[in-house]
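Below is the file protein.pdb, which contains PDB, C-alpha atoms.
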ATOM      1  CA  MET A  16       0.000   0.000   0.000
ATOM      2  CA  GLN A  17       1.123   3.532  -0.764
ATOM      3  CA  LYS A  18       2.000   5.716   2.217
ATOM      4  CA  ILE A  19       0.532   9.189   1.973
ATOM      5  CA  LEU A  20       1.959  10.398   5.295
ATOM      6  CA  GLU A  21       4.951   9.169   7.295
ATOM      7  CA  ILE A  22       5.437  10.581  10.777
ATOM      8  CA  LYS A  23       8.901   9.818  12.147
ATOM      9  CA  ASN A  24      10.031  10.398  15.748
ATOM     10  CA  LEU A  25       7.679  13.330  16.261
ATOM     11  CA  SER A  26       7.866  15.221  19.554
ATOM     12  CA  VAL A  27       6.009  18.337  20.691
ATOM     13  CA  ASN A  28       6.844  20.218  23.889
ATOM     14  CA  TYR A  29       4.849  23.279  24.925
ATOM     15  CA  PRO A  30       6.824  25.767  27.074
ATOM     16  CA  VAL A  31       5.071  26.888  30.249
ATOM     17  CA  SER A  32       6.292  29.778  32.398
ATOM     18  CA  SER A  33       6.560  28.653  36.019
ATOM     19  CA  GLU A  34       7.655  31.925  37.672
ATOM     20  CA  LEU A  35       6.114  35.384  37.841
ATOM     21  CA  PHE A  36       8.219  36.901  35.062
ATOM     22  CA  GLY A  37       8.562  33.717  33.027
ATOM     23  CA  THR A  38      12.298  33.333  33.674
ATOM     24  CA  THR A  39      12.015  29.596  34.322
ATOM     25  CA  LYS A  40      10.471  27.347  31.761
ATOM     26  CA  GLU A  41       8.665  24.057  32.242
ATOM     27  CA  TYR A  42       7.409  21.977  29.367
ATOM     28  CA  ILE A  43       4.242  20.069  28.665
ATOM     29  CA  HIS A  44       5.417  16.962  26.829
ATOM     30  CA  ALA A  45       2.482  16.564  24.463
ATOM     31  CA  LEU A  46       4.091  14.077  22.051
ATOM     32  CA  ASN A  47       7.042  11.810  22.717
ATOM     33  CA  ASN A  48       8.892  10.303  19.754
ATOM     34  CA  VAL A  49       5.769   9.235  17.833
ATOM     35  CA  SER A  50       6.136   7.335  14.549
ATOM     36  CA  LEU A  51       3.115   6.545  12.402
ATOM     37  CA  ASP A  52       2.348   5.658   8.793
ATOM     38  CA  ILE A  53      -0.937   6.590   7.119
ATOM     39  CA  TYR A  54      -1.822   4.807   3.869
ATOM     40  CA  LYS A  55      -3.609   6.262   0.872
ATOM     41  CA  GLY A  56      -7.372   5.763   0.955
ATOM     42  CA  GLU A  57      -7.645   4.585   4.567
ATOM     43  CA  VAL A  58      -9.314   6.001   7.652
ATOM     44  CA  LEU A  59      -6.927   5.794  10.597
ATOM     45  CA  GLY A  60      -8.674   6.247  13.932
ATOM     46  CA  LEU A  61      -6.687   7.872  16.750
ATOM     47  CA  VAL A  62      -8.126   7.261  20.226
ATOM     48  CA  GLY A  63      -7.247   7.956  23.850
ATOM     49  CA  GLU A  64      -8.267   9.964  26.888
ATOM     50  CA  SER A  65      -8.574  13.746  26.789
ATOM     51  CA  GLY A  66      -5.155  15.332  27.156
ATOM     52  CA  CYS A  67      -3.193  12.409  25.709
ATOM     53  CA  GLY A  68      -1.975  14.340  22.636
ATOM     54  CA  LYS A  69      -4.394  13.282  19.884
ATOM     55  CA  SER A  70      -5.237  16.778  18.629
ATOM     56  CA  THR A  71      -1.604  17.835  18.936
ATOM     57  CA  LEU A  72      -0.583  14.963  16.653
ATOM     58  CA  GLY A  73      -3.215  15.956  14.085
ATOM     59  CA  LYS A  74      -2.113  19.597  14.044
ATOM     60  CA  ALA A  75       1.583  18.718  13.991
ATOM     61  CA  ALA A  76       0.975  16.407  11.028
ATOM     62  CA  LEU A  77      -0.309  19.443   9.098
ATOM     63  CA  ARG A  78       2.567  21.664  10.286
ATOM     64  CA  LEU A  79       0.140  23.916  12.129
ATOM     65  CA  ILE A  80       2.331  23.760  15.252
ATOM     66  CA  SER A  81       6.098  23.412  15.576
ATOM     67  CA  SER A  82       7.533  19.992  16.330
ATOM     68  CA  GLU A  83      10.707  17.932  16.393
ATOM     69  CA  GLY A  84      11.065  14.990  14.026
ATOM     70  CA  ASN A  85      10.061  14.474  10.411
ATOM     71  CA  ILE A  86       6.739  14.433   8.538
ATOM     72  CA  LEU A  87       6.786  13.084   5.001
ATOM     73  CA  PHE A  88       3.849  13.808   2.697
ATOM     74  CA  ASN A  89       4.082  11.735  -0.482
ATOM     75  CA  GLU A  90       7.738  11.072   0.435
ATOM     76  CA  LYS A  91       8.623  14.772   0.794
ATOM     77  CA  ASN A  92       9.450  16.285   4.189
ATOM     78  CA  ILE A  93       6.937  19.078   4.823
ATOM     79  CA  LYS A  94       9.273  20.628   7.389
ATOM     80  CA  ASP A  95      11.621  21.526   4.524
ATOM     81  CA  PHE A  96       8.914  23.159   2.400
ATOM     82  CA  ASN A  97       9.288  26.781   1.297
ATOM     83  CA  LYS A  98       6.313  29.180   1.210
ATOM     84  CA  LYS A  99       5.170  28.058  -2.230
ATOM     85  CA  GLU A 100       5.433  24.362  -1.334
ATOM     86  CA  ILE A 101       3.637  24.777   1.982
ATOM     87  CA  LYS A 102       0.803  26.602   0.206
ATOM     88  CA  THR A 103       0.413  23.639  -2.171
ATOM     89  CA  PHE A 104       0.496  21.312   0.831
ATOM     90  CA  ARG A 105      -2.260  23.341   2.528
ATOM     91  CA  LYS A 106      -4.404  22.806  -0.559
ATOM     92  CA  ASN A 107      -3.856  19.031  -0.385
ATOM     93  CA  ALA A 108      -4.164  18.570   3.387
ATOM     94  CA  GLN A 109      -7.000  20.106   5.396
ATOM     95  CA  LEU A 110      -8.390  20.089   8.946
ATOM     96  CA  ILE A 111     -11.932  19.827  10.289
ATOM     97  CA  PHE A 112     -11.985  21.439  13.717
ATOM     98  CA  GLN A 113     -13.689  19.983  16.761
ATOM     99  CA  ASN A 114     -16.095  22.780  17.583
ATOM    100  CA  PRO A 115     -18.358  24.063  14.771
ATOM    101  CA  PHE A 116     -19.476  26.909  17.046
ATOM    102  CA  SER A 117     -16.018  28.510  17.221
ATOM    103  CA  SER A 118     -14.326  27.399  13.989
ATOM    104  CA  LEU A 119     -16.403  29.587  11.655
ATOM    105  CA  ASN A 120     -15.992  33.374  11.427
ATOM    106  CA  PRO A 121     -19.270  34.850  12.785
ATOM    107  CA  ARG A 122     -18.846  37.996  10.656
ATOM    108  CA  MET A 123     -18.695  36.146   7.343
ATOM    109  CA  THR A 124     -21.576  34.706   5.345
ATOM    110  CA  VAL A 125     -21.386  31.089   4.221
ATOM    111  CA  ARG A 126     -20.524  32.270   0.702
ATOM    112  CA  GLU A 127     -17.609  34.326   2.051
ATOM    113  CA  ILE A 128     -16.438  31.415   4.198
ATOM    114  CA  LEU A 129     -16.424  29.037   1.230
ATOM    115  CA  GLN A 130     -14.918  31.395  -1.329
ATOM    116  CA  GLU A 131     -12.059  32.540   0.925
ATOM    117  CA  PRO A 132      -9.855  29.419   0.469
ATOM    118  CA  LEU A 133     -10.525  29.479  -3.285
ATOM    119  CA  ILE A 134      -9.360  33.095  -3.582
ATOM    120  CA  ILE A 135      -6.301  32.470  -1.385
ATOM    121  CA  HIS A 136      -5.268  29.599  -3.653
ATOM    122  CA  GLY A 137      -5.627  31.562  -6.855
ATOM    123  CA  VAL A 138      -9.070  30.582  -8.164
ATOM    124  CA  ARG A 139     -10.379  33.508 -10.192
ATOM    125  CA  GLY A 140     -13.646  34.367 -11.883
ATOM    126  CA  LYS A 141     -17.085  34.635 -10.272
ATOM    127  CA  THR A 142     -18.501  31.893 -12.474
ATOM    128  CA  VAL A 143     -15.772  29.387 -11.587
ATOM    129  CA  ILE A 144     -15.940  30.220  -7.864
ATOM    130  CA  ASN A 145     -19.738  29.979  -7.835
ATOM    131  CA  GLU A 146     -19.625  26.625  -9.634
ATOM    132  CA  LYS A 147     -17.192  25.195  -7.076
ATOM    133  CA  ILE A 148     -19.267  26.525  -4.172
ATOM    134  CA  LEU A 149     -22.513  25.063  -5.519
ATOM    135  CA  ASN A 150     -20.805  21.718  -6.149
ATOM    136  CA  ILE A 151     -19.483  21.436  -2.579
ATOM    137  CA  LEU A 152     -22.879  22.490  -1.195
ATOM    138  CA  LYS A 153     -24.462  19.599  -3.073
ATOM    139  CA  LEU A 154     -21.853  17.136  -1.823
ATOM    140  CA  THR A 155     -22.285  18.188   1.820
ATOM    141  CA  GLY A 156     -26.087  18.332   1.787
ATOM    142  CA  LEU A 157     -26.487  22.104   2.075
ATOM    143  CA  ASP A 158     -29.006  24.326   0.270
ATOM    144  CA  GLU A 159     -28.060  27.271  -1.922
ATOM    145  CA  GLU A 160     -30.101  29.572   0.301
ATOM    146  CA  THR A 161     -27.562  29.043   3.102
ATOM    147  CA  LEU A 162     -24.972  31.113   1.211
ATOM    148  CA  SER A 163     -26.370  34.489   2.310
ATOM    149  CA  ARG A 164     -26.718  33.518   5.963
ATOM    150  CA  TYR A 165     -24.285  33.721   8.902
ATOM    151  CA  PRO A 166     -23.002  30.815  11.073
ATOM    152  CA  HIS A 167     -25.069  31.797  14.138
ATOM    153  CA  GLU A 168     -28.245  31.156  12.128
ATOM    154  CA  PHE A 169     -27.504  27.415  11.867
ATOM    155  CA  SER A 170     -27.669  24.415  14.170
ATOM    156  CA  GLY A 171     -24.500  22.613  15.258
ATOM    157  CA  GLY A 172     -24.925  19.902  12.650
ATOM    158  CA  GLN A 173     -25.407  22.419   9.829
ATOM    159  CA  ARG A 174     -22.402  24.406  11.004
ATOM    160  CA  GLN A 175     -20.257  21.299  10.905
ATOM    161  CA  ARG A 176     -21.433  20.605   7.355
ATOM    162  CA  ILE A 177     -20.304  24.133   6.465
ATOM    163  CA  ALA A 178     -16.941  23.486   8.141
ATOM    164  CA  ILE A 179     -16.584  20.239   6.180
ATOM    165  CA  ALA A 180     -17.517  22.048   2.949
ATOM    166  CA  ARG A 181     -14.843  24.678   3.650
ATOM    167  CA  ALA A 182     -12.208  21.989   4.292
ATOM    168  CA  LEU A 183     -13.061  20.074   1.110
ATOM    169  CA  ILE A 184     -13.704  22.872  -1.376
ATOM    170  CA  LEU A 185     -10.043  22.809  -2.473
ATOM    171  CA  ARG A 186     -10.329  19.055  -3.150
ATOM    172  CA  PRO A 187      -7.631  17.884  -0.694
ATOM    173  CA  VAL A 188      -6.372  14.305  -0.653
ATOM    174  CA  PHE A 189      -5.647  14.154   3.107
ATOM    175  CA  LEU A 190      -7.983  15.225   5.892
ATOM    176  CA  VAL A 191      -7.498  15.472   9.652
ATOM    177  CA  ALA A 192     -10.873  15.262  11.396
ATOM    178  CA  ASP A 193     -10.277  16.458  14.973
ATOM    179  CA  GLU A 194     -13.198  15.069  16.998
ATOM    180  CA  PRO A 195     -15.630  16.418  14.387
ATOM    181  CA  VAL A 196     -18.775  15.102  16.092
ATOM    182  CA  SER A 197     -17.980  15.394  19.820
ATOM    183  CA  ALA A 198     -19.777  18.752  20.167
ATOM    184  CA  LEU A 199     -22.959  17.490  18.458
ATOM    185  CA  ASP A 200     -26.086  15.672  19.609
ATOM    186  CA  VAL A 201     -25.958  11.888  19.190
ATOM    187  CA  SER A 202     -28.636  11.893  16.467
ATOM    188  CA  ILE A 203     -26.664  14.482  14.483
ATOM    189  CA  GLN A 204     -23.375  12.646  15.024
ATOM    190  CA  ALA A 205     -24.600   9.710  12.958
ATOM    191  CA  GLN A 206     -25.523  12.005  10.052
ATOM    192  CA  ILE A 207     -22.099  13.694  10.031
ATOM    193  CA  ILE A 208     -20.239  10.350  10.254
ATOM    194  CA  LYS A 209     -22.297   8.990   7.356
ATOM    195  CA  LEU A 210     -21.537  12.161   5.367
ATOM    196  CA  LEU A 211     -17.790  11.815   5.995
ATOM    197  CA  MET A 212     -17.838   8.196   4.821
ATOM    198  CA  GLU A 213     -19.712   9.143   1.643
ATOM    199  CA  LEU A 214     -17.298  12.011   0.951
ATOM    200  CA  LYS A 215     -14.303   9.736   1.556
ATOM    201  CA  ASP A 216     -15.488   7.428  -1.238
ATOM    202  CA  LYS A 217     -16.609  10.179  -3.622
ATOM    203  CA  MET A 218     -13.470  12.286  -3.220
ATOM    204  CA  GLN A 219     -10.980   9.449  -2.603
ATOM    205  CA  LEU A 220      -9.882  10.912   0.720
ATOM    206  CA  THR A 221      -7.393   9.649   3.281
ATOM    207  CA  ILE A 222      -8.538  10.566   6.801
ATOM    208  CA  LEU A 223      -6.872  10.764  10.213
ATOM    209  CA  PHE A 224      -9.935  10.551  12.461
ATOM    210  CA  VAL A 225      -9.273  11.802  15.998
ATOM    211  CA  SER A 226     -11.824  10.765  18.614
ATOM    212  CA  HIS A 227     -12.354   9.509  22.154
ATOM    213  CA  ASP A 228     -15.532   7.674  21.100
ATOM    214  CA  LEU A 229     -14.590   4.053  20.435
ATOM    215  CA  GLY A 230     -18.006   3.239  18.970
ATOM    216  CA  VAL A 231     -17.575   5.861  16.258
ATOM    217  CA  VAL A 232     -13.955   4.857  15.630
ATOM    218  CA  LYS A 233     -14.886   1.187  15.235
ATOM    219  CA  TYR A 234     -17.517   2.083  12.646
ATOM    220  CA  ILE A 235     -15.463   4.476  10.546
ATOM    221  CA  SER A 236     -11.834   3.265  10.788
ATOM    222  CA  ASP A 237      -9.768   0.781   8.792
ATOM    223  CA  ARG A 238      -6.990   0.879  11.390
ATOM    224  CA  VAL A 239      -6.880   2.234  14.953
ATOM    225  CA  ALA A 240      -3.971   3.752  16.886
ATOM    226  CA  VAL A 241      -4.308   3.993  20.674
ATOM    227  CA  MET A 242      -2.519   6.923  22.322
ATOM    228  CA  TYR A 243      -1.573   7.329  25.972
ATOM    229  CA  LEU A 244       0.248  10.371  27.335
ATOM    230  CA  GLY A 245       1.893  11.343  24.060
ATOM    231  CA  GLU A 246       2.801   7.857  22.865
ATOM    232  CA  ILE A 247       1.082   5.330  20.595
ATOM    233  CA  VAL A 248       0.867   2.191  22.728
ATOM    234  CA  GLU A 249      -1.019  -0.039  20.279
ATOM    235  CA  ILE A 250      -1.988   0.000  16.613
ATOM    236  CA  ALA A 251      -3.926  -2.590  14.618
ATOM    237  CA  ALA A 252      -6.555  -3.173  11.979
ATOM    238  CA  SER A 253      -9.896  -2.081  13.432
ATOM    239  CA  ASP A 254     -11.490  -5.549  13.608
ATOM    240  CA  GLU A 255      -8.351  -7.056  15.109
ATOM    241  CA  LEU A 256      -7.987  -4.378  17.774
ATOM    242  CA  PHE A 257     -11.594  -4.623  18.942
ATOM    243  CA  LYS A 258     -11.627  -8.430  18.940
ATOM    244  CA  ASN A 259      -8.186  -9.030  20.395
ATOM    245  CA  PRO A 260      -6.682  -5.978  22.140
ATOM    246  CA  LYS A 261      -3.276  -6.542  23.692
ATOM    247  CA  HIS A 262      -2.229  -3.473  25.674
ATOM    248  CA  PRO A 263      -3.838  -3.138  29.138
ATOM    249  CA  TYR A 264      -4.772   0.456  28.364
ATOM    250  CA  THR A 265      -6.609  -0.573  25.194
ATOM    251  CA  LYS A 266      -8.422  -3.266  27.173
ATOM    252  CA  ALA A 267      -9.397  -0.686  29.794
ATOM    253  CA  LEU A 268     -10.778   1.670  27.130
ATOM    254  CA  LEU A 269     -12.865  -1.134  25.629
ATOM    255  CA  SER A 270     -14.047  -2.219  29.094
ATOM    256  CA  ALA A 271     -15.389   1.292  29.675
ATOM    257  CA  VAL A 272     -17.566   1.320  26.537
ATOM    258  CA  PRO A 273     -21.239   1.122  27.599
ATOM    259  CA  THR A 274     -23.280  -1.635  25.937
ATOM    260  CA  VAL A 275     -26.873  -2.817  25.966
ATOM    261  CA  GLY A 276     -27.351  -6.456  27.028
ATOM    262  CA  SER A 277     -24.375  -8.799  27.251
ATOM    263  CA  LYS A 278     -20.963  -7.197  26.868
ATOM    264  CA  LYS A 279     -19.222  -8.135  23.624
ATOM    265  CA  TYR A 280     -15.795  -7.515  25.132
ATOM    266  CA  THR A 281     -15.455  -9.657  28.261
ATOM    267  CA  ASP A 282     -11.777  -9.350  29.277
ATOM    268  CA  THR A 283     -12.530  -6.458  31.638
ATOM    269  CA  VAL A 284      -9.638  -4.292  32.802
ATOM    270  CA  LYS A 285     -10.156  -1.424  35.219
ATOM    271  CA  ILE A 286      -7.749   1.433  35.727
ATOM    272  CA  GLU A 287      -7.806   3.888  38.604
ATOM    273  CA  GLY A 288      -6.610   7.426  39.021
ATOM    274  CA  ASP A 289      -6.311  10.330  36.623
ATOM    275  CA  LEU A 290      -4.039  10.766  33.634
ATOM    276  CA  PRO A 291      -0.621  11.874  34.994
ATOM    277  CA  SER A 292       0.509  15.401  34.210
ATOM    278  CA  PRO A 293       2.271  15.703  30.848
ATOM    279  CA  LYS A 294       4.578  18.213  32.575
ATOM    280  CA  ASN A 295       6.056  15.389  34.638
ATOM    281  CA  PRO A 296       5.105  12.066  33.013
ATOM    282  CA  PRO A 297       6.076   8.716  34.608
ATOM    283  CA  LYS A 298       9.431   7.248  33.618
ATOM    284  CA  ALA A 299       9.845   4.154  31.435
ATOM    285  CA  CYS A 300       6.344   2.827  30.631
ATOM    286  CA  LYS A 301       4.092   5.829  31.135
ATOM    287  CA  PHE A 302       1.094   3.621  31.913
ATOM    288  CA  HIS A 303       2.715   1.681  34.774
ATOM    289  CA  THR A 304       1.327   4.014  37.481
ATOM    290  CA  ARG A 305      -2.231   2.988  36.562
ATOM    291  CA  CYS A 306      -1.705  -0.496  35.126
ATOM    292  CA  PRO A 307      -3.137  -3.445  37.116
ATOM    293  CA  PHE A 308      -0.462  -5.728  35.593
ATOM    294  CA  ALA A 309       2.548  -3.486  36.276
ATOM    295  CA  MET A 310       5.861  -5.233  37.015
ATOM    296  CA  LYS A 311       9.164  -3.909  38.353
ATOM    297  CA  ILE A 312      10.626  -3.600  34.851
ATOM    298  CA  CYS A 313       7.755  -1.326  33.794
ATOM    299  CA  SER A 314       9.074   1.533  35.950
ATOM    300  CA  GLU A 315      12.677   0.960  34.860
ATOM    301  CA  ILE A 316      12.749   0.346  31.102
ATOM    302  CA  ALA A 317      10.491   1.746  28.391
ATOM    303  CA  PRO A 318       8.913  -1.119  26.422
ATOM    304  CA  GLU A 319       9.505  -1.637  22.716
ATOM    305  CA  TYR A 320       6.818  -2.724  20.254
ATOM    306  CA  THR A 321       5.873  -6.397  20.144
ATOM    307  CA  ARG A 322       4.391  -7.415  16.797
ATOM    308  CA  PHE A 323       1.425  -9.830  16.782
ATOM    309  CA  SER A 324       0.611  -9.708  13.071
ATOM    310  CA  ALA A 325       1.483  -7.697   9.972
ATOM    311  CA  THR A 326      -0.917  -4.969  11.096
ATOM    312  CA  HIS A 327      -0.910  -5.332  14.909
ATOM    313  CA  LYS A 328       1.706  -4.217  17.438
ATOM    314  CA  ALA A 329       1.745  -2.949  21.036
ATOM    315  CA  LYS A 330       4.235  -1.495  23.515
ATOM    316  CA  CYS A 331       4.117  -3.664  26.649
ATOM    317  CA  HIS A 332       6.523  -5.752  28.740
ATOM    318  CA  LEU A 333       3.829  -8.411  29.261
ATOM    319  CA  PHE A 334       4.622  -9.877  25.858
ATOM    320  CA  LYS A 335       8.399 -10.040  26.223
ATOM    321  CA  GLU A 336       9.929 -13.385  27.140
TER
END
With the file now loaded, output its structure as structure tokens.
Amino acid sequence: MQKILEIKNLSVNYPVSSELFGTTKEYIHALNNVSLDIYKGEVLGLVGESGCGKSTLGKAALRLISSEGNILFNEKNIKDFNKKEIKTFRKNAQLIFQNPFSSLNPRMTVREILQEPLIIHGVRGKTVINEKILNILKLTGLDEETLSRYPHEFSGGQRQRIAIARALILRPVFLVADEPVSALDVSIQAQIIKLLMELKDKMQLTILFVSHDLGVVKYISDRVAVMYLGEIVEIAASDELFKNPKHPYTKALLSAVPTVGSKKYTDTVKIEGDLPSPKNPPKACKFHTRCPFAMKICSEIAPEYTRFSATHKAKCHLFKE
């Protein structure tokens, strides 16, 4: 399979002033040496607790925030791009933000919101711009009458459709969807997820789908990466991960999914306590402070990946001889 994005040893540290005048710096270690491949045409789900670094990874992958490491888009390192190259990259790789209530400019009409990226990227002529706008409206299930209205006049679901239309109007090939349905009612969530799946097929998109909702991720994803405190602890094909999770953290996430009737996943694992502070994360295995299976080695040596199949691997000492 062709790799569309290769993330290699990516780290992101946010400086935090710890004294009155900011003379001493502390760092929030949002990402720690993350490597990840995303293949053309797939939906890769990225899951984990709030604060584990999922959104940071999505933004870093689009070079929206500074990072250490390398990000290759179609085998070219985007960190080496000049202004012209990064502008072309922006056209090919887009982001759907989490909150449709804050991601749209309240002072712009829908027409202005949709035509702005076209103008920035050199599309000229009212007829051409109008044709592209009407086409994306049709694809995202919006009416032409919405063009003269402002974002505050729409429901959350309609606003997210507008945000999706804005992200896709340039016809990108790669899309980061940063918890695109978490701010919506459950009934509306299903409509937006269905829309994204239809658009993926129609527009031949590759999607990094960031979410904390395992039910949604299972439905939409081809592969799933599980993140804990800035590290990917397990990655596998979606069916394989949900049927046979290996990492204790993945098992705990699946154990916490509410179900009606008998529980499909029976190997229940419970974890206690809150996510440790990313300012001072645990040494070695970052999960050992909450893991019910923790051993002495877990606090001394960081685990390497153990591979279970061609598509399934996890970082855990439990599987080392």
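Computed from the coordinates, the CA of Val138 in chain A to CA of Arg186 in chain A distance equals 12.6 Å.
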Any chance you could resolve the PyMOL selection byres ((chain A and resi 116-130) around 9) against this file and give the residues as a VMD selection string? chain A and resid 111 to 115 131 to 135 144 to 145 147 to 148 161 to 167 171 174 to 175 177 to 178 180 to 182 184 198
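Residues captured in this structure file are A:Glu249, A:Ile250, A:Ala251, A:Ala252, A:Glu255, A:Leu256, A:Thr321, A:Arg322, A:Phe323, A:Ser324, A:Ala325, A:Thr326, A:Lys328, A:Ala329, according to the PyMOL selection byres ((chain A and resi 327) around 9).
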For Lys106 in chain A: contacts at 9 Å, only C-alpha atoms, fewer than 2 positions along chain excluded, given as a list in words: Ile101, Lys102, Thr103, Phe104, Ala108, Gln109, Pro132, His136, Leu185, Arg186, Pro187 and Val188 of chain A
Name every residue that the PyMOL selection byres ((chain A and resi 266) around 10) selects in this structure, writing the answer as a compact mmCIF listing (two decimals) with C-alpha atoms, in the coordinates of the input with chains first and numbers rising.
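Saved file result-v4.txt follows:
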# COMPACT_ATOMS: atom_id res chain seq x y z
CA LEU A 256 -7.99 -4.38 17.77
CA PHE A 257 -11.59 -4.62 18.94
CA ASN A 259 -8.19 -9.03 20.40
CA PRO A 260 -6.68 -5.98 22.14
CA LYS A 261 -3.28 -6.54 23.69
CA HIS A 262 -2.23 -3.47 25.67
CA PRO A 263 -3.84 -3.14 29.14
CA TYR A 264 -4.77 0.46 28.36
CA THR A 265 -6.61 -0.57 25.19
CA ALA A 267 -9.40 -0.69 29.79
CA LEU A 268 -10.78 1.67 27.13
CA LEU A 269 -12.86 -1.13 25.63
CA SER A 270 -14.05 -2.22 29.09
CA ALA A 271 -15.39 1.29 29.68
CA TYR A 280 -15.80 -7.52 25.13
CA THR A 281 -15.46 -9.66 28.26
CA ASP A 282 -11.78 -9.35 29.28
CA THR A 283 -12.53 -6.46 31.64
CA VAL A 284 -9.64 -4.29 32.80
CA LYS A 285 -10.16 -1.42 35.22
CA ILE A 286 -7.75 1.43 35.73
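The space between CA of Asn28 in chain A and CA of Leu46 in chain A spans 7.0 Å.
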Taking into account all atoms listed in the file, which residue in the set A:Leu25, A:Lys217, A:Ser50, A:Ile151 is nearest to Gly84 in chain A? A:Leu25
